[in-house]
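As structure tokens, the structure follows; a few thoughts come after it.
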Amino acid sequence: MEETEKSMGTDTGNELRTTPLHTWHKAAGANMADFGGYEMPLWYPAGTRQEHLAVLTAAGLFDTCHMASLKVEGRDALALLQHCFTRDIAGLQDGRCVYGAFLNEEGHCLDDALVYRYGAGDFGVVVNAGMGPVIAAWLGRHAAGREVELRDLSGALGKIDIQGPAAARILAPLLEDASVLSDMVYFSFKGRPDDDSTVRLKTGEPLLLSRSGYTGEFGFEIFLAPEATPGLWQALLETGRELGLLPCGLAARDSLRAGAVLPLSHQDIGGWKFLGHPWPF
């Protein structure tokens with residue numbers, strides 16, 4: 001119960017929070033460290049080099065439950081995001097997501113993010129660990145006079161990323177309807193992490209399946225209920241064992257994103273002018 005409360009975002013003072021997969025990481029011999037207020041795996045016994053190569057040649061599995069999520073709903077949800085986000089999302093279609101950033105009045109980057117459009121006046125926003133309250137407050141500040149509801153879902157969702165050329169082959173046997181993978185273009189998504197989802201695991205759990213990731217490789221980001229996360233993690237490892245799937249820590253995530261020239265928030269972009277960098281978003 002203690003671990004569940006921490007993984008759901010309960011205030012634990014100075015104690016590090018944990019994800020629903022924390023027990024598995026420890027049992028697997030992961031080297032753990034503080035990242036964004038969470039105790040997260042840096043690497044497993046295979047080592048960072050092998051984990052990095054697995055994503056390039058087969059597939060890697062990442063615990064990203066520490067990422068924060070927001071829900072932005074209402075008649076003026078689009079107007080609010082259009083005002084605060086660096087990307088023009090006026091033409092964003094249902095079932096598509098887009099990458100960009102939130103800046104303050106000084107032009108400094110508060111955080112980078114993905115914005116998901118579920119439908120008219122119905123958006124999801126994914127930001128970095130610990131940034132849910134910050135971005136929620138920032139959007140709330142600019143929501144004055146607008147018809148919009150903001151909900152910080154930090155800790156209320158589980159998230160697993162499977163990245164690499166074998167990702168779809170590993171994921172497909174676990175889906176209730178594997179045909180959902182057939183026409184997913186880059187930065188598209190299907191389903192939602194609630195009972196209204198059109199995408200489910202064979203075990204019945206609803207999920208949001210996003211054709212995106214932070215490695216530069218083919219793959220998916222999977223959002224689902226925290227309590228369903230350990231079961232999916234174990235099932236993916238078992239399905240992918242013969243295809244070369246490895247669990248991957250933050251070190252491989254960092255080396256892969258650097259190789260793909262993707263920015264690390266608060267290191268490559270952060271509390272300084274949002275200019276003089278190679279990213280057009």
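Simple scheme: letters A, B, ... for chains in structure tokens order, numbers from 1 for residues in each chain, numbers from 1 for ligands in the order shown.
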At a cut-off of 10 Å, can you tabulate as CSV every residue of stretch 226-245 of chain A near stretch 174-191 of chain A together with its closest atom pair and the distance in Å to one decimal, using only C-alpha atoms and ordering rows by chain then number?
residue,atom,partner,partner_atom,distance
A:Leu232,CA,A:Leu174,CA,8.4
A:Ala235,CA,A:Leu174,CA,7.7
A:Leu236,CA,A:Leu174,CA,7.9
A:Thr239,CA,A:Leu174,CA,8.3
Note to self: Using only C-alpha atoms, which protein or nucleic acid residues come within 8 Å of A:Phe274? Drop anything in the same chain fewer than 6 positions from it, and give the result as a ChimeraX atom specification.
What the structure shows: /A:103,107-109
Suppose we keep N, CA, C and O atoms; can you now write the selection as a PDB file, in the first residue's frame?
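Contents of part27.pdb, freshly written:
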ATOM      1  N   LEU A 103       6.313  28.197 -23.045  1.00  0.00           N
ATOM      2  CA  LEU A 103       7.260  29.254 -22.689  1.00  0.00           C
ATOM      3  C   LEU A 103       6.609  30.239 -21.727  1.00  0.00           C
ATOM      4  O   LEU A 103       5.397  30.424 -21.730  1.00  0.00           O
ATOM      5  N   GLY A 107      10.205  34.268 -22.603  1.00  0.00           N
ATOM      6  CA  GLY A 107      10.647  33.427 -23.705  1.00  0.00           C
ATOM      7  C   GLY A 107      11.507  32.279 -23.257  1.00  0.00           C
ATOM      8  O   GLY A 107      12.208  31.658 -24.066  1.00  0.00           O
ATOM      9  N   HIS A 108      11.485  31.960 -21.958  1.00  0.00           N
ATOM     10  CA  HIS A 108      12.211  30.817 -21.425  1.00  0.00           C
ATOM     11  C   HIS A 108      11.313  29.581 -21.476  1.00  0.00           C
ATOM     12  O   HIS A 108      10.094  29.680 -21.314  1.00  0.00           O
ATOM     13  N   CYS A 109      11.898  28.421 -21.685  1.00  0.00           N
ATOM     14  CA  CYS A 109      11.123  27.183 -21.798  1.00  0.00           C
ATOM     15  C   CYS A 109      10.771  26.642 -20.417  1.00  0.00           C
ATOM     16  O   CYS A 109      11.655  26.295 -19.627  1.00  0.00           O
TER      17      CYS A 109
END
Residues of stretch 98-156 of chain A that approach stretch 69-74 of chain A to 6 Å or less, counting only C-alpha atoms: could you list each one with the shortest pair of atoms and its distance in Å to one decimal, rows by chain and increasing residue number, as CSV?
residue,atom,partner,partner_atom,distance
A:Gly121,CA,A:Gly74,CA,4.9
A:Asp122,CA,A:Glu73,CA,4.7
A:Phe123,CA,A:Val72,CA,5.1
A:Gly124,CA,A:Lys71,CA,4.7
A:Val125,CA,A:Leu70,CA,5.0
A:Val126,CA,A:Ser69,CA,4.5
A:Glu147,CA,A:Gly74,CA,5.8
A:Val148,CA,A:Gly74,CA,4.3
A:Glu149,CA,A:Glu73,CA,5.2
A:Leu150,CA,A:Val72,CA,4.9
A:Arg151,CA,A:Lys71,CA,5.0
A:Asp152,CA,A:Leu70,CA,4.6
A:Leu153,CA,A:Ser69,CA,5.1
A:Ser154,CA,A:Ser69,CA,5.3
Hey, can you spit out that residue selection with N, CA and C atoms as a compact mmCIF listing (two decimals), in the first residue's frame?
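For reference, out_33.txt as written:
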# COMPACT_ATOMS: atom_id res chain seq x y z
N GLY A 121 -12.55 20.30 -28.19
CA GLY A 121 -12.58 20.69 -26.79
C GLY A 121 -12.11 19.61 -25.84
N ASP A 122 -11.31 18.66 -26.33
CA ASP A 122 -10.88 17.53 -25.50
C ASP A 122 -9.43 17.18 -25.85
N PHE A 123 -8.49 17.59 -24.99
CA PHE A 123 -7.07 17.44 -25.26
C PHE A 123 -6.36 16.81 -24.07
N GLY A 124 -5.28 16.11 -24.36
CA GLY A 124 -4.37 15.62 -23.34
C GLY A 124 -3.01 16.26 -23.54
N VAL A 125 -2.28 16.46 -22.46
CA VAL A 125 -0.94 17.06 -22.52
C VAL A 125 -0.01 16.19 -21.67
N VAL A 126 1.12 15.80 -22.23
CA VAL A 126 2.11 15.02 -21.49
C VAL A 126 3.38 15.84 -21.34
N GLU A 147 -13.73 29.26 -20.93
CA GLU A 147 -14.51 28.10 -20.52
C GLU A 147 -13.66 26.85 -20.73
N VAL A 148 -12.93 26.48 -19.69
CA VAL A 148 -12.01 25.35 -19.80
C VAL A 148 -11.81 24.71 -18.43
N GLU A 149 -11.66 23.40 -18.41
CA GLU A 149 -11.39 22.66 -17.19
C GLU A 149 -10.03 22.00 -17.31
N LEU A 150 -9.20 22.18 -16.27
CA LEU A 150 -7.86 21.61 -16.24
C LEU A 150 -7.79 20.55 -15.15
N ARG A 151 -7.21 19.39 -15.48
CA ARG A 151 -7.02 18.34 -14.49
C ARG A 151 -5.59 17.81 -14.58
N ASP A 152 -4.91 17.82 -13.45
CA ASP A 152 -3.56 17.28 -13.38
C ASP A 152 -3.69 15.79 -13.07
N LEU A 153 -3.30 14.94 -14.03
CA LEU A 153 -3.41 13.50 -13.88
C LEU A 153 -2.09 12.86 -13.45
N SER A 154 -1.16 13.67 -12.98
CA SER A 154 0.15 13.15 -12.57
C SER A 154 -0.01 12.03 -11.56
Notebook entry, point to check: Rounded to one decimal in Å, what is the spacing between atom CA of A:Thr23 and atom CA of A:Glu39?
Noted result: 10.9 Å
Next item on the list: Check the DSSP output for the backbone and give back, as a PyMOL selection string, the residues of stretch 27-254 of chain A in alpha helix (DSSP H).
Entry: chain A and resi 27+48-57+77-84+132-142+167-171+229-240+250-254
Writing out the chosen residues with N, CA and C atoms as a compact mmCIF listing (two decimals), in the first residue's frame:
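Just written: again28.txt:
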# COMPACT_ATOMS: atom_id res chain seq x y z
N ALA A 27 14.07 -5.98 -8.15
CA ALA A 27 14.27 -7.42 -8.23
C ALA A 27 15.14 -7.80 -9.43
N THR A 48 24.21 -0.31 -20.26
CA THR A 48 23.66 0.73 -21.13
C THR A 48 23.94 0.47 -22.61
N ARG A 49 25.14 -0.01 -22.92
CA ARG A 49 25.50 -0.25 -24.33
C ARG A 49 24.56 -1.27 -24.96
N GLN A 50 24.34 -2.38 -24.27
CA GLN A 50 23.47 -3.42 -24.82
C GLN A 50 22.02 -2.95 -24.90
N GLU A 51 21.60 -2.17 -23.93
CA GLU A 51 20.24 -1.63 -23.97
C GLU A 51 20.06 -0.68 -25.15
N HIS A 52 21.03 0.18 -25.37
CA HIS A 52 21.01 1.11 -26.50
C HIS A 52 20.93 0.33 -27.81
N LEU A 53 21.79 -0.67 -27.96
CA LEU A 53 21.83 -1.44 -29.20
C LEU A 53 20.55 -2.25 -29.41
N ALA A 54 19.94 -2.71 -28.32
CA ALA A 54 18.70 -3.46 -28.44
C ALA A 54 17.61 -2.61 -29.10
N VAL A 55 17.55 -1.34 -28.74
CA VAL A 55 16.54 -0.44 -29.33
C VAL A 55 16.81 -0.22 -30.81
N LEU A 56 18.07 -0.20 -31.21
CA LEU A 56 18.42 0.00 -32.62
C LEU A 56 18.17 -1.24 -33.46
N THR A 57 18.34 -2.42 -32.87
CA THR A 57 18.29 -3.66 -33.65
C THR A 57 17.07 -4.53 -33.36
N ALA A 77 -10.76 25.12 -24.79
CA ALA A 77 -9.53 24.34 -24.59
C ALA A 77 -8.54 24.59 -25.72
N LEU A 78 -9.02 24.57 -26.96
CA LEU A 78 -8.12 24.81 -28.09
C LEU A 78 -7.52 26.20 -28.03
N ALA A 79 -8.34 27.21 -27.71
CA ALA A 79 -7.85 28.59 -27.66
C ALA A 79 -6.77 28.74 -26.58
N LEU A 80 -6.96 28.07 -25.45
CA LEU A 80 -5.97 28.15 -24.37
C LEU A 80 -4.65 27.54 -24.80
N LEU A 81 -4.69 26.34 -25.36
CA LEU A 81 -3.46 25.69 -25.80
C LEU A 81 -2.82 26.44 -26.96
N GLN A 82 -3.63 26.96 -27.85
CA GLN A 82 -3.10 27.73 -28.98
C GLN A 82 -2.36 28.97 -28.48
N HIS A 83 -2.83 29.53 -27.38
CA HIS A 83 -2.21 30.73 -26.81
C HIS A 83 -0.89 30.40 -26.11
N CYS A 84 -0.83 29.23 -25.47
CA CYS A 84 0.32 28.92 -24.60
C CYS A 84 1.37 28.02 -25.23
N GLY A 132 3.84 18.41 -13.95
CA GLY A 132 2.39 18.49 -14.04
C GLY A 132 1.81 19.69 -13.31
N PRO A 133 2.12 19.86 -12.02
CA PRO A 133 1.59 21.01 -11.29
C PRO A 133 2.05 22.35 -11.87
N VAL A 134 3.29 22.40 -12.36
CA VAL A 134 3.84 23.65 -12.91
C VAL A 134 3.08 24.06 -14.16
N ILE A 135 2.91 23.13 -15.09
CA ILE A 135 2.22 23.45 -16.35
C ILE A 135 0.73 23.65 -16.11
N ALA A 136 0.15 22.89 -15.18
CA ALA A 136 -1.26 23.08 -14.85
C ALA A 136 -1.50 24.49 -14.30
N ALA A 137 -0.58 24.94 -13.44
CA ALA A 137 -0.71 26.29 -12.88
C ALA A 137 -0.53 27.34 -13.96
N TRP A 138 0.40 27.09 -14.88
CA TRP A 138 0.65 28.05 -15.96
C TRP A 138 -0.56 28.17 -16.88
N LEU A 139 -1.13 27.02 -17.24
CA LEU A 139 -2.33 27.05 -18.07
C LEU A 139 -3.49 27.67 -17.30
N GLY A 140 -3.59 27.37 -16.01
CA GLY A 140 -4.66 27.94 -15.20
C GLY A 140 -4.59 29.45 -15.14
N ARG A 141 -3.36 29.96 -15.10
CA ARG A 141 -3.17 31.41 -15.06
C ARG A 141 -3.71 32.07 -16.32
N HIS A 142 -3.58 31.37 -17.46
CA HIS A 142 -4.03 31.94 -18.74
C HIS A 142 -5.45 31.49 -19.10
N ALA A 167 9.07 -3.57 -32.22
CA ALA A 167 8.05 -3.14 -31.25
C ALA A 167 6.65 -3.63 -31.59
N ALA A 168 6.23 -3.46 -32.85
CA ALA A 168 4.88 -3.86 -33.24
C ALA A 168 4.69 -5.37 -33.15
N ARG A 169 5.70 -6.14 -33.55
CA ARG A 169 5.60 -7.60 -33.49
C ARG A 169 5.48 -8.10 -32.06
N ILE A 170 6.09 -7.39 -31.13
CA ILE A 170 6.02 -7.78 -29.72
C ILE A 170 4.69 -7.38 -29.11
N LEU A 171 4.20 -6.21 -29.48
CA LEU A 171 2.97 -5.68 -28.89
C LEU A 171 1.72 -6.35 -29.45
N THR A 229 -0.16 -1.73 -15.14
CA THR A 229 1.16 -1.55 -15.73
C THR A 229 2.10 -2.73 -15.50
N PRO A 230 2.23 -3.27 -14.27
CA PRO A 230 3.14 -4.40 -14.08
C PRO A 230 2.79 -5.61 -14.93
N GLY A 231 1.50 -5.90 -15.09
CA GLY A 231 1.09 -7.04 -15.90
C GLY A 231 1.47 -6.87 -17.35
N LEU A 232 1.27 -5.68 -17.90
CA LEU A 232 1.65 -5.44 -19.30
C LEU A 232 3.16 -5.49 -19.46
N TRP A 233 3.89 -4.91 -18.52
CA TRP A 233 5.35 -4.92 -18.56
C TRP A 233 5.87 -6.37 -18.65
N GLN A 234 5.37 -7.23 -17.77
CA GLN A 234 5.81 -8.62 -17.74
C GLN A 234 5.41 -9.34 -19.02
N ALA A 235 4.20 -9.08 -19.52
CA ALA A 235 3.74 -9.73 -20.74
C ALA A 235 4.59 -9.32 -21.94
N LEU A 236 4.96 -8.06 -22.01
CA LEU A 236 5.81 -7.60 -23.11
C LEU A 236 7.19 -8.25 -23.05
N LEU A 237 7.74 -8.35 -21.85
CA LEU A 237 9.05 -9.00 -21.71
C LEU A 237 9.00 -10.45 -22.15
N GLU A 238 7.93 -11.15 -21.80
CA GLU A 238 7.80 -12.55 -22.18
C GLU A 238 7.60 -12.70 -23.68
N THR A 239 6.75 -11.86 -24.27
CA THR A 239 6.49 -11.92 -25.71
C THR A 239 7.73 -11.55 -26.51
N GLY A 240 8.52 -10.61 -25.98
CA GLY A 240 9.66 -10.10 -26.74
C GLY A 240 10.98 -10.79 -26.47
N LEU A 250 17.31 4.83 -17.83
CA LEU A 250 17.40 6.22 -18.27
C LEU A 250 18.70 6.53 -19.00
N ALA A 251 19.76 5.78 -18.73
CA ALA A 251 21.03 6.04 -19.41
C ALA A 251 20.89 5.77 -20.91
N ALA A 252 20.28 4.63 -21.27
CA ALA A 252 20.07 4.32 -22.68
C ALA A 252 19.07 5.29 -23.30
N ARG A 253 18.07 5.68 -22.52
CA ARG A 253 17.10 6.67 -23.02
C ARG A 253 17.82 7.97 -23.38
N ASP A 254 18.80 8.34 -22.56
CA ASP A 254 19.54 9.58 -22.81
C ASP A 254 20.47 9.44 -24.01
Note to self: Which residues are near stretch 258-268 of chain A? Cut-off 7 Å, only C-alpha atoms, ignore same chain within fewer than 6 positions. Put them as a PyMOL selection string.
What the structure shows: chain A and resi 111-112+215-216
Just the selected residues (all heavy atoms), exported as a PDB file, in the first residue's frame, please.
ATOM      1  N   ASP A 111       8.742  23.857 -20.149  1.00  0.00           N
ATOM      2  CA  ASP A 111       8.857  22.424 -20.392  1.00  0.00           C
ATOM      3  C   ASP A 111       8.437  22.126 -21.829  1.00  0.00           C
ATOM      4  O   ASP A 111       7.652  22.879 -22.425  1.00  0.00           O
ATOM      5  CB  ASP A 111       7.958  21.640 -19.430  1.00  0.00           C
ATOM      6  CG  ASP A 111       8.433  20.212 -19.220  1.00  0.00           C
ATOM      7  OD1 ASP A 111       9.618  19.931 -19.474  1.00  0.00           O
ATOM      8  OD2 ASP A 111       7.631  19.373 -18.788  1.00  0.00           O
ATOM      9  N   ASP A 112       8.976  21.021 -22.362  1.00  0.00           N
ATOM     10  CA  ASP A 112       8.479  20.551 -23.653  1.00  0.00           C
ATOM     11  C   ASP A 112       7.360  19.560 -23.397  1.00  0.00           C
ATOM     12  O   ASP A 112       7.201  19.047 -22.288  1.00  0.00           O
ATOM     13  CB  ASP A 112       9.592  19.976 -24.525  1.00  0.00           C
ATOM     14  CG  ASP A 112      10.356  18.844 -23.873  1.00  0.00           C
ATOM     15  OD1 ASP A 112      10.195  18.620 -22.657  1.00  0.00           O
ATOM     16  OD2 ASP A 112      11.123  18.181 -24.584  1.00  0.00           O
ATOM     17  N   THR A 215      13.217   8.129 -28.552  1.00  0.00           N
ATOM     18  CA  THR A 215      14.463   7.454 -28.934  1.00  0.00           C
ATOM     19  C   THR A 215      14.881   7.724 -30.370  1.00  0.00           C
ATOM     20  O   THR A 215      16.002   7.412 -30.741  1.00  0.00           O
ATOM     21  CB  THR A 215      14.326   5.934 -28.757  1.00  0.00           C
ATOM     22  OG1 THR A 215      13.321   5.449 -29.662  1.00  0.00           O
ATOM     23  CG2 THR A 215      13.962   5.568 -27.326  1.00  0.00           C
ATOM     24  N   GLY A 216      13.972   8.257 -31.181  1.00  0.00           N
ATOM     25  CA  GLY A 216      14.265   8.419 -32.601  1.00  0.00           C
ATOM     26  C   GLY A 216      14.017   7.165 -33.404  1.00  0.00           C
ATOM     27  O   GLY A 216      14.208   7.156 -34.626  1.00  0.00           O
TER      28      GLY A 216
END
Item checked: For atom CA of A:Tyr38 and atom CA of A:Thr64, the interatomic separation in Å (one decimal) ->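 Distance between the two atoms: 10.7 Å.
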Check: Which distance in Å separates atom CA of A:Ala129 and atom CA of A:Trp24, to one decimal?
Finding: 20.0 Å
Check: For A:Asp194, which of A:Leu42, A:Leu224, A:Leu243, A:Ala166 is the closest residue, counting only C-alpha atoms?
Finding: A:Leu224
Margin query: Write out as a ChimeraX atom specification the set of residues from stretch 63-125 of chain A that DSSP, computed on the backbone, places in strand (DSSP E or B).
Written below: /A:63,68-73,85,96-103,108-119,122-125
Notebook entry, point to check: In terms of the shortest atom-to-atom distance over only C-alpha atoms, which of A:Pro20, A:Gly36, A:Gly164, A:Gly276 is closest to A:Asp63?
Noted result: A:Pro20
